[in-house]
$ cat query_19.txt   # compact mmCIF, C-alpha atoms
# COMPACT_ATOMS: atom_id res chain seq x y z
CA MET A 25 -28.87 48.85 23.08
CA THR A 26 -26.23 46.29 23.99
CA GLU A 27 -26.99 42.79 22.74
CA THR A 28 -27.04 40.17 25.48
CA ILE A 29 -25.02 37.08 24.68
CA ALA A 30 -26.55 33.93 26.12
CA PRO A 31 -24.18 32.03 28.40
CA LEU A 32 -22.90 28.68 27.19
CA PRO A 33 -24.63 25.71 28.82
CA PRO A 34 -22.61 23.94 31.55
CA LEU A 35 -21.00 20.54 30.99
CA ASP A 36 -19.14 18.56 33.62
CA LEU A 37 -16.23 16.52 32.26
CA LEU A 38 -14.97 13.48 34.15
CA ILE A 39 -11.60 12.60 32.61
CA ALA A 40 -10.41 9.10 33.41
CA ALA A 41 -6.89 8.45 34.64
CA PRO A 42 -4.91 6.47 33.69
CA ARG A 43 -5.63 7.05 30.00
CA GLY A 44 -3.70 7.34 26.76
CA PHE A 45 -0.16 6.20 26.08
CA CYS A 46 1.18 3.18 27.94
CA ALA A 47 4.86 2.37 28.39
CA GLY A 48 4.90 -0.09 25.48
CA VAL A 49 3.40 2.40 23.05
CA ASP A 50 5.69 5.19 24.22
CA ARG A 51 8.71 2.91 23.73
CA ALA A 52 7.61 1.80 20.24
CA ILE A 53 7.10 5.35 18.99
CA ARG A 54 10.44 6.42 20.45
CA ILE A 55 12.18 3.53 18.66
CA VAL A 56 10.90 4.78 15.29
CA GLU A 57 11.87 8.38 16.08
CA LEU A 58 15.37 7.43 17.23
CA ALA A 59 15.86 5.12 14.24
CA ILE A 60 15.09 8.04 11.91
CA GLU A 61 17.54 10.24 13.83
CA LYS A 62 20.25 7.59 13.73
CA PHE A 63 19.87 6.18 10.20
CA GLY A 64 18.11 9.03 8.43
CA ALA A 65 14.86 8.80 6.49
CA PRO A 66 13.31 6.69 5.30
CA VAL A 67 12.91 4.08 8.02
CA TYR A 68 10.43 1.35 7.15
CA VAL A 69 7.93 0.03 9.70
CA ARG A 70 6.19 -3.31 9.21
CA HIS A 71 2.56 -2.78 10.14
CA GLU A 72 1.27 0.33 11.94
CA ILE A 73 3.66 0.85 14.87
CA VAL A 74 0.56 1.32 17.06
CA HIS A 75 -3.10 1.58 16.11
CA ASN A 76 -3.54 5.34 15.97
CA LYS A 77 -3.86 7.38 12.77
CA TYR A 78 -2.52 10.59 14.31
CA VAL A 79 0.61 8.82 15.58
CA VAL A 80 1.18 7.05 12.26
CA ASP A 81 0.70 10.25 10.25
CA THR A 82 3.09 12.14 12.56
CA LEU A 83 5.77 9.49 12.09
CA LYS A 84 5.20 9.49 8.31
CA ALA A 85 5.91 13.23 8.31
CA LYS A 86 9.22 12.54 10.07
CA GLY A 87 10.31 9.94 7.51
CA ALA A 88 8.69 6.63 8.43
CA ILE A 89 7.19 4.46 5.69
CA PHE A 90 4.60 1.91 6.81
CA VAL A 91 4.17 -1.39 4.97
CA GLU A 92 2.21 -4.54 5.69
CA GLU A 93 4.77 -7.16 4.69
CA LEU A 94 8.53 -7.48 4.74
CA HIS A 95 8.80 -7.99 0.98
CA GLU A 96 7.73 -4.34 0.59
CA VAL A 97 10.89 -3.18 2.37
CA PRO A 98 13.76 -2.39 -0.01
CA ASP A 99 17.22 -3.79 0.54
CA ASP A 100 19.71 -1.82 2.63
CA VAL A 101 17.21 0.20 4.67
CA PRO A 102 16.32 -0.29 8.35
CA VAL A 103 12.96 -1.76 9.32
CA VAL A 104 11.09 -1.62 12.63
CA PHE A 105 8.65 -4.29 13.81
CA SER A 106 5.47 -2.99 15.44
CA ALA A 107 4.57 -3.00 19.14
CA HIS A 108 2.12 -5.89 18.57
CA GLY A 109 4.90 -8.40 17.86
CA VAL A 110 5.64 -10.49 14.78
CA PRO A 111 5.93 -14.20 14.00
CA LYS A 112 9.45 -15.63 14.28
CA ALA A 113 9.54 -16.06 10.52
CA VAL A 114 9.64 -12.27 10.03
CA PRO A 115 12.98 -11.49 11.74
CA ALA A 116 14.35 -14.72 10.29
CA LYS A 117 13.49 -13.50 6.79
CA ALA A 118 14.98 -10.07 7.59
CA GLN A 119 18.24 -11.74 8.63
CA GLU A 120 18.21 -13.86 5.50
CA ARG A 121 17.97 -10.68 3.42
CA GLY A 122 20.62 -8.91 5.46
CA LEU A 123 18.20 -6.23 6.62
CA SER A 124 18.94 -4.14 9.68
CA TYR A 125 15.90 -4.40 11.95
CA LEU A 126 14.68 -3.09 15.29
CA ASP A 127 12.05 -4.93 17.30
CA ALA A 128 9.55 -2.57 18.95
CA THR A 129 7.43 -5.42 20.35
CA CYS A 130 6.01 -4.43 23.74
CA PRO A 131 8.00 -6.27 26.44
CA LEU A 132 4.74 -7.52 27.94
CA VAL A 133 3.82 -9.12 24.60
CA SER A 134 7.34 -10.59 24.38
CA ARG A 135 6.77 -12.13 27.83
CA VAL A 136 3.70 -13.94 26.47
CA HIS A 137 5.82 -15.17 23.54
CA ARG A 138 8.41 -16.66 25.89
CA GLN A 139 5.71 -18.35 27.98
CA ALA A 140 4.29 -19.92 24.83
CA GLU A 141 7.70 -21.33 23.95
CA ARG A 142 8.13 -22.80 27.44
CA HIS A 143 4.72 -24.48 27.42
CA VAL A 144 5.34 -26.07 24.02
CA ALA A 145 8.78 -27.22 25.13
CA ALA A 146 7.09 -28.88 28.13
CA GLY A 147 4.70 -30.73 25.80
CA ARG A 148 1.59 -28.68 26.56
CA HIS A 149 -1.01 -27.58 24.05
CA ILE A 150 -1.85 -23.88 24.46
CA LEU A 151 -5.33 -22.41 24.46
CA PHE A 152 -4.83 -18.79 23.48
CA ILE A 153 -7.61 -16.38 24.44
CA GLY A 154 -7.73 -13.57 21.89
CA HIS A 155 -9.27 -12.09 18.76
CA LYS A 156 -8.68 -13.80 15.41
CA GLY A 157 -6.70 -11.69 12.97
CA HIS A 158 -5.33 -9.24 15.54
CA PRO A 159 -1.59 -8.60 14.93
CA GLU A 160 -0.72 -9.65 18.47
CA VAL A 161 -2.50 -12.97 18.03
CA ILE A 162 -0.79 -13.57 14.67
CA GLY A 163 2.57 -12.75 16.23
CA THR A 164 2.07 -15.05 19.21
CA PHE A 165 0.89 -17.99 17.09
CA GLY A 166 4.02 -17.44 15.02
CA GLN A 167 6.28 -18.13 17.99
CA VAL A 168 5.49 -21.84 18.18
CA PRO A 169 5.10 -24.74 15.73
CA GLU A 170 1.84 -24.87 13.80
CA GLY A 171 -0.81 -26.91 15.58
CA SER A 172 0.56 -26.35 19.08
CA MET A 173 -1.90 -23.55 19.90
CA SER A 174 -5.69 -23.16 19.56
CA LEU A 175 -7.63 -19.90 19.61
CA ILE A 176 -10.42 -19.30 22.12
CA GLU A 177 -12.47 -16.18 21.31
CA THR A 178 -15.63 -16.68 23.35
CA VAL A 179 -17.09 -18.54 26.32
CA ALA A 180 -18.80 -20.79 23.76
CA ASP A 181 -15.38 -21.67 22.34
CA ALA A 182 -14.12 -22.48 25.84
CA LEU A 183 -17.11 -24.76 26.43
CA ALA A 184 -16.84 -26.50 23.05
CA TYR A 185 -13.09 -27.13 22.85
CA GLN A 186 -12.18 -30.83 22.88
CA PRO A 187 -8.46 -31.43 23.56
CA ALA A 188 -6.52 -34.47 22.48
CA ASP A 189 -4.82 -34.58 25.91
CA PRO A 190 -6.83 -32.80 28.65
CA ASP A 191 -4.00 -33.20 31.17
CA ASN A 192 -1.41 -31.32 29.11
CA LEU A 193 -2.93 -27.91 28.53
CA ALA A 194 -1.99 -24.31 29.25
CA PHE A 195 -3.71 -21.03 28.54
CA LEU A 196 -2.37 -17.60 27.62
CA THR A 197 -4.13 -14.41 26.59
CA GLN A 198 -3.81 -11.43 24.31
CA THR A 199 -2.68 -8.44 26.39
CA THR A 200 -5.49 -6.06 25.34
CA LEU A 201 -8.65 -8.00 26.16
CA SER A 202 -11.69 -7.24 28.29
CA VAL A 203 -10.74 -8.16 31.85
CA ASP A 204 -14.28 -9.34 32.61
CA ASP A 205 -14.75 -11.39 29.41
CA THR A 206 -11.37 -13.04 29.84
CA ALA A 207 -12.15 -13.97 33.45
CA GLN A 208 -15.30 -15.77 32.28
CA MET A 209 -13.40 -17.77 29.67
CA VAL A 210 -10.62 -18.62 32.11
CA ALA A 211 -13.18 -19.80 34.68
CA VAL A 212 -14.74 -22.16 32.13
CA LEU A 213 -11.36 -23.58 31.08
CA GLN A 214 -10.24 -24.08 34.68
CA GLN A 215 -13.51 -25.79 35.56
CA ARG A 216 -13.35 -28.10 32.55
CA PHE A 217 -9.62 -28.79 32.79
CA PRO A 218 -8.49 -28.60 36.44
CA THR A 219 -4.83 -29.24 35.58
CA ILE A 220 -4.55 -26.51 32.94
CA GLN A 221 -1.46 -24.37 33.46
CA SER A 222 -2.00 -20.65 34.08
CA PRO A 223 0.24 -17.80 32.93
CA ARG A 224 3.04 -16.58 35.17
CA GLY A 225 1.30 -13.47 36.40
CA GLU A 226 -1.46 -11.67 34.52
CA ASP A 227 -1.24 -11.63 30.72
CA ILE A 228 -3.70 -8.76 30.27
CA CYS A 229 -1.33 -5.84 30.61
CA TYR A 230 -1.42 -3.35 33.46
CA ALA A 231 -2.37 -0.51 31.09
CA THR A 232 -5.37 -2.36 29.67
CA SER A 233 -6.62 -3.32 33.15
CA ASN A 234 -6.06 0.17 34.55
CA ARG A 235 -7.86 1.92 31.70
CA GLN A 236 -10.85 -0.38 31.98
CA ALA A 237 -11.01 0.17 35.75
CA SER A 238 -10.85 3.94 35.31
CA VAL A 239 -13.80 3.88 32.89
CA LYS A 240 -15.83 1.83 35.36
CA ALA A 241 -15.05 4.43 38.03
CA ILE A 242 -16.58 7.29 36.03
CA ALA A 243 -19.22 5.61 33.88
CA GLU A 244 -22.13 5.52 36.32
CA GLN A 245 -21.85 9.29 36.88
CA CYS A 246 -21.94 10.08 33.15
CA GLY A 247 -24.64 10.48 30.54
CA LEU A 248 -22.16 9.57 27.79
CA VAL A 249 -18.55 8.38 27.58
CA LEU A 250 -16.24 9.39 24.72
CA VAL A 251 -13.34 7.03 24.01
CA ILE A 252 -10.53 8.57 21.99
CA GLY A 253 -8.95 5.79 19.98
CA SER A 254 -8.86 3.84 16.74
CA PRO A 255 -11.43 1.30 15.53
CA LYS A 256 -8.40 -0.94 14.91
CA SER A 257 -7.31 -0.68 18.55
CA SER A 258 -8.40 -3.66 20.64
CA ASN A 259 -7.87 -1.90 23.97
CA SER A 260 -9.85 1.15 22.79
CA LEU A 261 -12.77 -1.00 21.63
CA ARG A 262 -12.79 -2.70 25.03
CA LEU A 263 -13.14 0.70 26.74
CA VAL A 264 -16.32 1.35 24.75
CA GLU A 265 -17.64 -2.05 25.83
CA VAL A 266 -16.80 -1.43 29.49
CA ALA A 267 -18.72 1.84 29.50
CA GLU A 268 -21.72 0.30 27.75
CA ARG A 269 -21.80 -2.61 30.19
CA SER A 270 -21.97 -0.05 32.98
CA GLY A 271 -25.23 1.09 31.42
CA VAL A 272 -23.88 4.23 29.75
CA PRO A 273 -23.84 5.08 26.03
CA ALA A 274 -20.30 5.31 24.64
CA ARG A 275 -18.83 6.57 21.39
CA MET A 276 -15.39 6.09 19.90
CA ILE A 277 -13.79 9.04 18.14
CA GLN A 278 -10.35 9.43 16.61
CA ARG A 279 -10.28 13.24 16.64
CA ALA A 280 -12.31 16.10 18.12
CA SER A 281 -13.74 16.84 14.67
CA GLU A 282 -15.74 13.60 14.84
CA ILE A 283 -17.84 14.76 17.80
CA ASP A 284 -21.53 14.98 16.91
CA PHE A 285 -22.99 17.50 19.34
CA GLU A 286 -26.39 15.85 19.04
CA TRP A 287 -24.89 13.04 21.14
CA LEU A 288 -24.72 15.54 24.01
CA ASP A 289 -28.40 16.49 24.01
CA GLY A 290 -29.53 16.09 27.61
CA VAL A 291 -26.03 15.15 28.82
CA THR A 292 -24.83 17.14 31.83
CA THR A 293 -21.82 14.95 32.72
CA LEU A 294 -19.53 13.59 30.01
CA GLY A 295 -16.81 11.00 30.57
CA ILE A 296 -13.63 11.08 28.52
CA THR A 297 -10.89 8.49 28.21
CA ALA A 298 -8.28 7.49 25.63
CA GLY A 299 -6.94 4.15 24.47
CA ALA A 300 -3.33 3.17 25.12
CA SER A 301 -2.16 4.33 21.69
CA ALA A 302 -3.84 7.78 21.79
CA PRO A 303 -1.63 10.76 22.75
CA GLU A 304 -2.73 13.23 25.41
CA LEU A 305 -2.87 16.11 22.94
CA LEU A 306 -5.92 14.44 21.36
CA VAL A 307 -7.63 14.53 24.76
CA ARG A 308 -6.88 18.26 25.05
CA GLU A 309 -8.15 18.77 21.51
CA VAL A 310 -11.49 17.20 22.50
CA VAL A 311 -11.76 19.34 25.64
CA ASP A 312 -11.02 22.49 23.62
CA ARG A 313 -13.74 21.64 21.07
CA LEU A 314 -16.28 21.03 23.82
CA ALA A 315 -15.36 24.39 25.35
CA GLU A 316 -16.53 26.08 22.13
CA ARG A 317 -20.12 24.97 22.88
CA PHE A 318 -20.19 24.57 26.67
CA THR A 319 -18.90 26.06 29.87
CA VAL A 320 -16.83 23.03 30.85
CA ASN A 321 -16.03 22.04 34.38
CA GLU A 322 -13.17 19.56 34.08
CA ARG A 323 -12.26 17.01 36.76
CA GLN A 324 -9.78 14.14 36.55
CA VAL A 325 -10.71 10.89 38.28
CA GLU A 326 -7.54 8.92 39.03
CA THR A 327 -7.81 5.25 39.96
CA ALA A 328 -4.14 4.21 39.60
CA VAL A 329 -0.70 5.73 39.18
CA GLU A 330 1.49 4.34 36.37
CA ASP A 331 5.24 4.76 36.63
CA ILE A 332 6.39 1.89 34.41
CA SER A 333 8.92 2.44 31.63
CA PHE A 334 10.71 0.01 29.33
CA LYS A 335 14.29 0.09 28.11
CA LEU A 336 15.08 0.93 24.51
CA PRO A 337 16.95 -1.58 22.33
CA ARG A 338 20.71 -1.51 22.68
CA GLY A 339 22.32 1.08 20.46
CA LEU A 340 19.27 3.34 20.32
CA GLU A 341 19.58 5.02 23.70
CA PRO A 342 19.71 8.79 23.17
CA ALA A 343 23.04 10.41 23.98
$ encode --input "query_19.txt" --output "structure tokens"
Amino acid sequence: MTETIAPLPPLDLLIAAPRGFCAGVDRAIRIVELAIEKFGAPVYVRHEIVHNKYVVDTLKAKGAIFVEELHEVPDDVPVVFSAHGVPKAVPAKAQERGLSYLDATCPLVSRVHRQAERHVAAGRHILFIGHKGHPEVIGTFGQVPEGSMSLIETVADALAYQPADPDNLAFLTQTTLSVDDTAQMVAVLQQRFPTIQSPRGEDICYATSNRQASVKAIAEQCGLVLVIGSPKSSNSLRLVEVAERSGVPARMIQRASEIDFEWLDGVTTLGITAGASAPELLVREVVDRLAERFTVNERQVETAVEDISFKLPRGLEPA
């Protein structure tokens, strides 16, 4: 008698688009790869180039060595600065030591740096909306003299802040924040200080905004949303928050192996997205693991098309 094999239960997958790598992350990773090709291994990288363990481990295998501080970099080897940006003191110290360095700071983060310099030069005190301790925040504060910028992390901070000169203020933001949370803080600051200077354009980067919008587009149709990303990644953490605020449970995973199938009990439609530093192959890995337990019906939900790319530093362009 032939044994009947029970069919796998169905599972609809709604895969958000845009998702995964943004132009700044793609550029930063390419800078490390091309530096290894040009100079040979090892190439040192100050701080994780982007917040993704798979990416970091892949670059380590190619010859990158990751350190937290410049003093850990030996003399006479090249060093790359991460996509999050660094305080001005870091390249200055590298020059002082005669180190060859490449700056992989995302151009959108660099734009915030330049705006900070202009506001300080114009005599304005900057209220910087961001998360304390994040590398991007540390890097931006390090662009201007100490005391010329104050951190605003919450609406409560925006309500409590007492400036020395209310008529000479500006605000800037970290590029990877919650769009909705930031809008609330900005509204409070603009109400309290009508003359506060706004950024030139939107500081929250296109990739962060697009990925949050794509999660909103799928969340209400899902019983659960999986966010592929790192707990260190600000933009990935915000995607979890966006899903949860839409009334849907959300889980962050770094790899497919972290999926707990008990999460999927009773779930018929699962949303999947990936933070801006998570490669697409990790998305496919998750889909493949789900297909071991379910008959998956996969559909991509696209809310924006991204065609932005950033130039590589001079001298690193591939032949």
$ residues_around --input "query_19.txt" --residues "A:Asn192" --least-positions-apart "2" --cutoff "10 Å" --atoms "only C-alpha atoms" --output "ChimeraX atom specification"
/A:143-144,146-150,187-190,194,217,219-221
$ write_last_selection --input "query_19.txt" --atoms "C-alpha atoms" --output "PDB file, in the frame of the given file"
ATOM      1  CA  HIS A 143       4.720 -24.480  27.420  1.00  0.00           C
ATOM      2  CA  VAL A 144       5.340 -26.070  24.020  1.00  0.00           C
ATOM      3  CA  ALA A 146       7.090 -28.880  28.130  1.00  0.00           C
ATOM      4  CA  GLY A 147       4.700 -30.730  25.800  1.00  0.00           C
ATOM      5  CA  ARG A 148       1.590 -28.680  26.560  1.00  0.00           C
ATOM      6  CA  HIS A 149      -1.010 -27.580  24.050  1.00  0.00           C
ATOM      7  CA  ILE A 150      -1.850 -23.880  24.460  1.00  0.00           C
ATOM      8  CA  PRO A 187      -8.460 -31.430  23.560  1.00  0.00           C
ATOM      9  CA  ALA A 188      -6.520 -34.470  22.480  1.00  0.00           C
ATOM     10  CA  ASP A 189      -4.820 -34.580  25.910  1.00  0.00           C
ATOM     11  CA  PRO A 190      -6.830 -32.800  28.650  1.00  0.00           C
ATOM     12  CA  ALA A 194      -1.990 -24.310  29.250  1.00  0.00           C
ATOM     13  CA  PHE A 217      -9.620 -28.790  32.790  1.00  0.00           C
ATOM     14  CA  THR A 219      -4.830 -29.240  35.580  1.00  0.00           C
ATOM     15  CA  ILE A 220      -4.550 -26.510  32.940  1.00  0.00           C
ATOM     16  CA  GLN A 221      -1.460 -24.370  33.460  1.00  0.00           C
TER      17      GLN A 221
END
$ atom_distance --input "query_19.txt" --atom1 "atom CA of A:Asn76" --atom2 "atom CA of A:Ala59"
19.5 Å
$ closest_residue --input "query_19.txt" --among "A:Gly163, A:Pro31, A:Pro115, A:Pro42" --to "A:Glu326" --atoms "all atoms listed in the file"
A:Pro42
$ residues_around --input "query_19.txt" --residues "A:Leu294" --least-positions-apart "6" --cutoff "12 Å" --atoms "all atoms listed in the file" --output "PyMOL selection string"
chain A and resi 34-40+239+242-251+267+272-275+285+287-288+310-311+314+318+320-324
$ residues_around --input "query_19.txt" --residues "A:Pro223" --least-positions-apart "6" --cutoff "12 Å" --atoms "all atoms listed in the file" --output "number ranges by chain"
A: 135-140, 142-143, 150-153, 193-199, 210
$ atom_distance --input "query_19.txt" --atom1 "atom CA of A:Ser202" --atom2 "atom CA of A:Ser106"
21.9 Å
$ closest_residue --input "query_19.txt" --among "A:Lys84, A:Lys240, A:Lys256, A:Arg279" --to "A:Leu305" --atoms "all atoms listed in the file"
A:Arg279
$ residues_near_point --input "query_19.txt" --point "(0.2, 2.3, 39.9)" --cutoff "10 Å" --atoms "all atoms listed in the file" --output "PyMOL selection string"
chain A and resi 42+230-231+234+327-332
$ write_last_selection --input "query_19.txt" --atoms "C-alpha atoms" --output "mmCIF file, in the coordinates of the input"
data_model
loop_
_atom_site.group_PDB
_atom_site.id
_atom_site.type_symbol
_atom_site.label_atom_id
_atom_site.label_comp_id
_atom_site.auth_asym_id
_atom_site.auth_seq_id
_atom_site.Cartn_x
_atom_site.Cartn_y
_atom_site.Cartn_z
ATOM 1 C CA PRO A 42 -4.910 6.470 33.690
ATOM 2 C CA TYR A 230 -1.420 -3.350 33.460
ATOM 3 C CA ALA A 231 -2.370 -0.510 31.090
ATOM 4 C CA ASN A 234 -6.060 0.170 34.550
ATOM 5 C CA THR A 327 -7.810 5.250 39.960
ATOM 6 C CA ALA A 328 -4.140 4.210 39.600
ATOM 7 C CA VAL A 329 -0.700 5.730 39.180
ATOM 8 C CA GLU A 330 1.490 4.340 36.370
ATOM 9 C CA ASP A 331 5.240 4.760 36.630
ATOM 10 C CA ILE A 332 6.390 1.890 34.410
#
$ closest_residue --input "query_19.txt" --among "A:Phe105, A:Val97, A:Leu126, A:Glu57" --to "A:Gly339" --atoms "all atoms listed in the file"
A:Leu126
$ axis_aligned_box --input "query_19.txt" --around "stretch 263-275 of chain A" --padding-each-side "3 Å" --output "lines of an AutoDock Vina configuration file"
center_x = -19.2
center_y = 2.0
center_z = 27.2
size_x = 18.1
size_y = 15.2
size_z = 17.6
$ residues_near_point --input "query_19.txt" --point "(-8.4, -15.8, 20.2)" --cutoff "6 Å" --atoms "only C-alpha atoms" --output "number ranges by chain"
A: 152-156, 175-177
$ residues_around --input "query_19.txt" --residues "A:Ser301" --least-positions-apart "2" --cutoff "12 Å" --atoms "all atoms listed in the file" --output "JSON, numbers by chain"
{"A": [43, 44, 45, 46, 47, 48, 49, 50, 51, 52, 53, 72, 73, 74, 75, 76, 77, 78, 79, 80, 107, 108, 200, 231, 232, 235, 251, 252, 253, 254, 255, 256, 257, 258, 259, 260, 261, 278, 297, 298, 299, 303, 304, 305, 306, 307]}
$ closest_residue --input "query_19.txt" --among "A:Ala180, A:Ile296, A:Gly87, A:Leu132" --to "A:Gly225" --atoms "all atoms listed in the file"
A:Leu132
$ atom_distance --input "query_19.txt" --atom1 "atom CA of A:Glu61" --atom2 "atom CA of A:Pro102"
11.9 Å
$ residues_around --input "query_19.txt" --residues "A:Glu309" --least-positions-apart "6" --cutoff "10 Å" --atoms "all atoms listed in the file" --output "PyMOL selection string"
chain A and resi 279-281+315
$ decode --input "query_19.txt" --residues "stretch 241-266 of chain A" --atoms "C-alpha atoms" --output "compact mmCIF listing (two decimals), in the first residue's frame"
# COMPACT_ATOMS: atom_id res chain seq x y z
CA ALA A 241 1.69 48.77 2.56
CA ILE A 242 1.80 45.06 3.45
CA ALA A 243 1.39 45.00 7.22
CA GLU A 244 -2.40 45.12 7.49
CA GLN A 245 -2.71 42.08 5.21
CA CYS A 246 -0.28 40.00 7.29
CA GLY A 247 -0.51 37.91 10.43
CA LEU A 248 3.21 38.43 11.08
CA VAL A 249 6.05 40.45 9.55
CA LEU A 250 9.65 39.19 9.50
CA VAL A 251 12.35 41.87 9.26
CA ILE A 252 15.72 40.58 8.11
CA GLY A 253 18.35 42.78 9.71
CA SER A 254 20.68 43.35 12.63
CA PRO A 255 19.71 44.41 16.16
CA LYS A 256 22.45 47.04 15.73
CA SER A 257 20.77 48.45 12.62
CA SER A 258 18.66 51.53 13.34
CA ASN A 259 16.73 51.34 10.06
CA SER A 260 15.96 47.64 10.62
CA LEU A 261 14.68 48.28 14.16
CA ARG A 262 12.43 51.00 12.78
CA LEU A 263 10.88 48.52 10.33
CA VAL A 264 9.88 46.29 13.25
CA GLU A 265 8.30 49.31 14.95
CA VAL A 266 6.42 50.34 11.80
